[in-house]
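Shown here: data.txt, compact mmCIF, C-alpha atoms.
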```
# COMPACT_ATOMS: atom_id res chain seq x y z
CA MET A 1 -18.62 -27.48 45.17
CA ILE A 2 -19.83 -26.09 41.84
CA ILE A 3 -19.90 -28.38 38.81
CA GLU A 4 -19.57 -26.80 35.37
CA TRP A 5 -21.02 -29.36 32.92
CA ARG A 6 -20.13 -29.36 29.25
CA TRP A 7 -21.52 -31.88 26.77
CA ALA A 8 -20.64 -32.13 23.09
CA GLU A 9 -23.88 -33.97 22.20
CA GLY A 10 -21.86 -36.51 20.23
CA LYS A 11 -20.24 -33.75 18.14
CA PHE A 12 -16.58 -34.30 18.98
CA GLU A 13 -15.49 -31.31 16.89
CA ARG A 14 -17.03 -29.16 19.65
CA LEU A 15 -14.73 -30.55 22.36
CA PRO A 16 -11.83 -28.08 21.89
CA GLU A 17 -14.25 -25.16 22.26
CA LEU A 18 -15.84 -26.70 25.37
CA ALA A 19 -12.46 -27.43 26.98
CA ALA A 20 -11.25 -23.89 26.29
CA ASP A 21 -14.46 -22.56 27.84
CA LEU A 22 -13.82 -24.54 31.04
CA VAL A 23 -10.33 -23.07 31.26
CA ARG A 24 -11.73 -19.55 30.63
CA VAL A 25 -14.26 -19.83 33.46
CA GLY A 26 -11.46 -20.86 35.82
CA VAL A 27 -12.39 -24.38 36.91
CA ASP A 28 -10.14 -26.04 39.48
CA VAL A 29 -10.14 -29.44 37.75
CA ILE A 30 -11.39 -30.93 34.47
CA VAL A 31 -12.81 -34.45 34.43
CA THR A 32 -13.03 -36.19 31.05
CA GLY A 33 -14.93 -39.30 30.06
CA GLY A 34 -12.55 -40.67 27.45
CA PRO A 35 -9.65 -39.93 25.12
CA GLN A 36 -11.77 -37.86 22.72
CA ALA A 37 -12.36 -35.35 25.53
CA THR A 38 -8.95 -35.69 27.22
CA ARG A 39 -7.01 -34.58 24.13
CA PRO A 40 -8.80 -31.21 23.75
CA ALA A 41 -8.58 -30.64 27.51
CA ARG A 42 -4.83 -31.32 27.41
CA ASP A 43 -4.49 -28.95 24.46
CA ALA A 44 -6.48 -26.25 26.28
CA THR A 45 -4.35 -26.17 29.45
CA SER A 46 -1.08 -27.32 30.94
CA THR A 47 -1.90 -26.05 34.43
CA VAL A 48 -5.47 -27.09 35.30
CA PRO A 49 -5.46 -30.69 36.61
CA ILE A 50 -7.24 -33.14 34.27
CA VAL A 51 -8.67 -36.41 35.55
CA MET A 52 -9.37 -38.99 32.81
CA GLY A 53 -12.41 -41.07 33.55
CA PHE A 54 -11.09 -43.72 31.19
CA ASP A 55 -8.44 -44.31 28.53
CA ASN A 56 -7.23 -47.49 26.82
CA ASP A 57 -3.63 -46.32 26.46
CA PRO A 58 -2.89 -42.93 28.06
CA VAL A 59 0.88 -43.39 27.56
CA GLY A 60 0.48 -44.18 23.85
CA ALA A 61 -1.93 -41.27 23.48
CA GLY A 62 0.69 -38.94 24.92
CA PHE A 63 -1.49 -37.93 27.87
CA ILE A 64 0.90 -39.17 30.54
CA VAL A 65 4.57 -40.09 30.77
CA SER A 66 4.00 -43.45 32.48
CA LEU A 67 1.36 -45.23 34.54
CA ALA A 68 3.60 -45.10 37.63
CA ARG A 69 4.43 -41.40 37.26
CA PRO A 70 1.90 -39.67 35.02
CA GLY A 71 3.69 -36.30 35.11
CA ARG A 72 2.21 -33.16 33.57
CA ASN A 73 -1.30 -32.19 34.67
CA ILE A 74 -3.18 -35.38 33.73
CA THR A 75 -4.04 -38.41 35.84
CA GLY A 76 -6.93 -40.88 35.98
CA LEU A 77 -7.99 -44.38 35.05
CA SER A 78 -6.61 -46.69 32.38
CA SER A 79 -7.82 -50.06 31.24
CA GLN A 80 -4.48 -50.66 29.58
CA ALA A 81 -5.11 -54.34 29.13
CA PRO A 82 -5.56 -55.17 25.43
CA GLU A 83 -5.04 -58.86 26.20
CA ILE A 84 -8.52 -58.86 27.75
CA THR A 85 -10.09 -58.61 24.29
CA GLY A 86 -8.63 -61.98 23.32
CA LYS A 87 -10.12 -63.45 26.48
CA GLN A 88 -13.48 -61.84 25.66
CA LEU A 89 -13.48 -63.66 22.32
CA GLU A 90 -12.66 -66.92 24.10
CA LEU A 91 -15.60 -66.39 26.46
CA LEU A 92 -17.88 -65.56 23.55
CA ARG A 93 -16.83 -68.85 21.94
CA GLU A 94 -17.70 -70.71 25.15
CA ILE A 95 -21.16 -69.15 25.09
CA VAL A 96 -21.64 -69.85 21.36
CA PRO A 97 -19.60 -73.03 20.70
CA ARG A 98 -20.18 -73.05 16.91
CA LEU A 99 -19.24 -69.40 16.51
CA SER A 100 -17.24 -68.88 13.32
CA ARG A 101 -17.68 -65.21 12.27
CA VAL A 102 -17.40 -62.14 14.50
CA ALA A 103 -17.66 -58.48 13.55
CA VAL A 104 -15.43 -56.18 15.61
CA LEU A 105 -16.45 -52.53 15.78
CA GLY A 106 -13.89 -49.98 16.84
CA ASN A 107 -12.26 -46.68 16.05
CA SER A 108 -8.80 -47.47 14.69
CA ALA A 109 -7.71 -43.91 15.52
CA GLU A 110 -8.23 -44.39 19.26
CA PRO A 111 -4.98 -45.22 21.07
CA GLY A 112 -5.00 -48.74 22.45
CA ASN A 113 -7.44 -50.13 19.91
CA ALA A 114 -4.69 -51.35 17.58
CA ALA A 115 -3.19 -53.41 20.41
CA ALA A 116 -6.61 -54.73 21.39
CA LEU A 117 -7.37 -55.68 17.79
CA GLY A 118 -4.01 -57.47 17.57
CA GLN A 119 -4.89 -59.54 20.64
CA ILE A 120 -8.33 -60.42 19.34
CA GLU A 121 -6.80 -61.44 16.00
CA LEU A 122 -4.41 -63.80 17.81
CA ALA A 123 -7.28 -65.36 19.73
CA ALA A 124 -9.40 -65.62 16.57
CA ARG A 125 -6.65 -67.51 14.72
CA ALA A 126 -6.25 -69.91 17.64
CA LEU A 127 -10.02 -70.48 17.79
CA GLY A 128 -10.56 -70.68 14.03
CA ILE A 129 -12.86 -67.66 14.05
CA GLN A 130 -13.05 -65.28 11.10
CA LEU A 131 -12.94 -61.61 12.12
CA GLN A 132 -14.37 -58.66 10.27
CA HIS A 133 -12.99 -55.35 11.56
CA LEU A 134 -15.37 -52.45 10.96
CA ASP A 135 -13.94 -49.00 11.62
CA LEU A 136 -16.17 -46.50 13.44
CA ARG A 137 -14.80 -42.99 13.22
CA ASP A 138 -18.17 -41.26 13.53
CA SER A 139 -21.69 -42.15 14.64
CA LYS A 140 -22.80 -41.91 11.00
CA ASP A 141 -20.63 -44.99 10.31
CA ILE A 142 -22.68 -47.25 12.57
CA ASP A 143 -25.49 -48.15 10.16
CA ALA A 144 -23.00 -48.88 7.36
CA ALA A 145 -20.98 -51.05 9.75
CA PHE A 146 -24.07 -53.06 10.67
CA ARG A 147 -24.93 -53.54 6.98
CA ALA A 148 -21.35 -54.73 6.35
CA ALA A 149 -21.54 -57.11 9.31
CA THR A 150 -24.79 -58.51 7.91
CA ARG A 151 -23.24 -58.96 4.44
CA GLY A 152 -20.26 -60.66 6.13
CA ARG A 153 -22.68 -63.01 7.94
CA ALA A 154 -21.37 -62.05 11.38
CA GLU A 155 -22.80 -64.25 14.10
CA ALA A 156 -21.67 -62.01 16.94
CA LEU A 157 -20.49 -58.47 17.55
CA MET A 158 -17.68 -57.11 19.71
CA THR A 159 -16.78 -53.48 20.19
CA PHE A 160 -13.97 -51.43 21.59
CA SER A 161 -15.38 -48.17 20.35
CA THR A 162 -15.89 -46.72 23.81
CA SER A 163 -17.03 -43.34 22.57
CA ARG A 164 -19.79 -44.89 20.46
CA ARG A 165 -20.79 -47.78 22.72
CA LYS A 166 -24.19 -46.30 23.71
CA THR A 167 -25.12 -45.62 20.10
CA VAL A 168 -23.99 -49.10 19.05
CA CYS A 169 -25.99 -50.68 21.89
CA ARG A 170 -29.10 -48.73 20.89
CA ARG A 171 -28.57 -49.95 17.30
CA CYS A 172 -28.31 -53.56 18.55
CA THR A 173 -31.55 -53.39 20.51
CA ARG A 174 -34.10 -55.14 18.34
CA THR A 175 -37.19 -57.24 18.65
CA PRO A 176 -36.44 -60.96 18.33
CA ASN A 177 -37.79 -61.19 14.76
CA SER A 178 -36.30 -58.00 13.33
CA SER A 179 -33.60 -58.07 10.70
CA PRO A 180 -30.22 -56.33 11.16
CA THR A 181 -31.14 -53.80 8.48
CA ASP A 182 -34.45 -52.70 10.10
```

This structure in structure tokens:
Amino acid sequence: MIIEWRWAEGKFERLPELAADLVRVGVDVIVTGGPQATRPARDATSTVPIVMGFDNDPVGAGFIVSLARPGRNITGLSSQAPEITGKQLELLREIVPRLSRVAVLGNSAEPGNAAALGQIELAARALGIQLQHLDLRDSKDIDAAFRAATRGRAEALMTFSTSRRKTVCRRCTRTPNSSPTD
């Protein structure tokens, strides 16, 4: 087995070029790590099988026809369970009983995130928690989002920005006495 690796280095605008390159070199299958990579792969080929490593809503994204019968040349894994985000907020409240303000980071353009945000909003209303949705379309938005969360006095942070999760986690890693704007 020969593996042809392609990595966009966080520059998603490069993904169409990388997907087209994989098709040009004649790979037998393309494996993607998320919807940002699946879309350019789908656009690059209708014949090479594509296996999604993950997608919130592959039906809503137009990648597959249905979960039962994906159709086309795309298959893979889906977490299609936006109701879980409401449960995550409930669990966060159990851990921090006096929790009243939560910042939610996510890319509103990613399929499935709107449904997840709707579920977390329902849970927040039921729990009396104020939400602050901060849109992350690009890694350059992360510092501004953290500043906004600080101004909004967020006591906790949730994310469904799967493509930026590593960068967000690195941004969250701080010494115990550091401020959010360090």

* Asked: Quick one: residues within 8 Å of A:Gly76, only C-alpha atoms counted, chain neighbours fewer than 2 positions away excluded, as a list in words?
  ->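 Residues near the query, excluding close chain neighbours: Ile50, Val51, Met52, Gly53, Phe54, Ile74 and Ser78 of chain A.
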
* For stretch 115-126 of chain A, list every protein, DNA or RNA residue within 12 Å, evaluated using all atoms listed in the file, and leave out those in the same chain fewer than 6 positions away; present the list as a PyMOL selection string. => chain A and resi 56-57+60+79-93+99-109+132-135+158-161

Write out, as a PDB file, keeping the file's coordinate frame, the residues just selected, with C-alpha atoms.
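As a result, selection.pdb now contains:
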```pdb
ATOM      1  CA  ASN A  56      -7.230 -47.490  26.820  1.00  0.00           C
ATOM      2  CA  ASP A  57      -3.630 -46.320  26.460  1.00  0.00           C
ATOM      3  CA  GLY A  60       0.480 -44.180  23.850  1.00  0.00           C
ATOM      4  CA  SER A  79      -7.820 -50.060  31.240  1.00  0.00           C
ATOM      5  CA  GLN A  80      -4.480 -50.660  29.580  1.00  0.00           C
ATOM      6  CA  ALA A  81      -5.110 -54.340  29.130  1.00  0.00           C
ATOM      7  CA  PRO A  82      -5.560 -55.170  25.430  1.00  0.00           C
ATOM      8  CA  GLU A  83      -5.040 -58.860  26.200  1.00  0.00           C
ATOM      9  CA  ILE A  84      -8.520 -58.860  27.750  1.00  0.00           C
ATOM     10  CA  THR A  85     -10.090 -58.610  24.290  1.00  0.00           C
ATOM     11  CA  GLY A  86      -8.630 -61.980  23.320  1.00  0.00           C
ATOM     12  CA  LYS A  87     -10.120 -63.450  26.480  1.00  0.00           C
ATOM     13  CA  GLN A  88     -13.480 -61.840  25.660  1.00  0.00           C
ATOM     14  CA  LEU A  89     -13.480 -63.660  22.320  1.00  0.00           C
ATOM     15  CA  GLU A  90     -12.660 -66.920  24.100  1.00  0.00           C
ATOM     16  CA  LEU A  91     -15.600 -66.390  26.460  1.00  0.00           C
ATOM     17  CA  LEU A  92     -17.880 -65.560  23.550  1.00  0.00           C
ATOM     18  CA  ARG A  93     -16.830 -68.850  21.940  1.00  0.00           C
ATOM     19  CA  LEU A  99     -19.240 -69.400  16.510  1.00  0.00           C
ATOM     20  CA  SER A 100     -17.240 -68.880  13.320  1.00  0.00           C
ATOM     21  CA  ARG A 101     -17.680 -65.210  12.270  1.00  0.00           C
ATOM     22  CA  VAL A 102     -17.400 -62.140  14.500  1.00  0.00           C
ATOM     23  CA  ALA A 103     -17.660 -58.480  13.550  1.00  0.00           C
ATOM     24  CA  VAL A 104     -15.430 -56.180  15.610  1.00  0.00           C
ATOM     25  CA  LEU A 105     -16.450 -52.530  15.780  1.00  0.00           C
ATOM     26  CA  GLY A 106     -13.890 -49.980  16.840  1.00  0.00           C
ATOM     27  CA  ASN A 107     -12.260 -46.680  16.050  1.00  0.00           C
ATOM     28  CA  SER A 108      -8.800 -47.470  14.690  1.00  0.00           C
ATOM     29  CA  ALA A 109      -7.710 -43.910  15.520  1.00  0.00           C
ATOM     30  CA  GLN A 132     -14.370 -58.660  10.270  1.00  0.00           C
ATOM     31  CA  HIS A 133     -12.990 -55.350  11.560  1.00  0.00           C
ATOM     32  CA  LEU A 134     -15.370 -52.450  10.960  1.00  0.00           C
ATOM     33  CA  ASP A 135     -13.940 -49.000  11.620  1.00  0.00           C
ATOM     34  CA  MET A 158     -17.680 -57.110  19.710  1.00  0.00           C
ATOM     35  CA  THR A 159     -16.780 -53.480  20.190  1.00  0.00           C
ATOM     36  CA  PHE A 160     -13.970 -51.430  21.590  1.00  0.00           C
ATOM     37  CA  SER A 161     -15.380 -48.170  20.350  1.00  0.00           C
TER      38      SER A 161
END
```

* Asked: Near A:Thr75, counting only C-alpha atoms, which residues have an atom at most 12 Å away, once you skip same-chain residues fewer than 5 positions from it, shown as a PyMOL selection string?
  -> chain A and resi 29-32+38+42+48-55+58-59+62-70

* Between A:Leu131, A:Thr47, A:Glu13, A:Gly33, which is the closest to A:Gly71 once you count all atoms listed in the file? -> A:Thr47

* **Atom-to-atom span, atom CA of A:Asp143 and atom CA of A:Glu155, Å** =>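 That distance, rounded to one decimal, is 16.8 Å.
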
* Coordinates-based distance that separates atom CA of A:Ala20 from atom CA of A:Thr45 (Å, one decimal) ->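 Separating atom CA of A:Thr45 from atom CA of A:Ala20 is a distance of 7.9 Å.
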
* Distance in Å - atom CA of A:Glu17 versus atom CA of A:Asn73 -> 19.3 Å
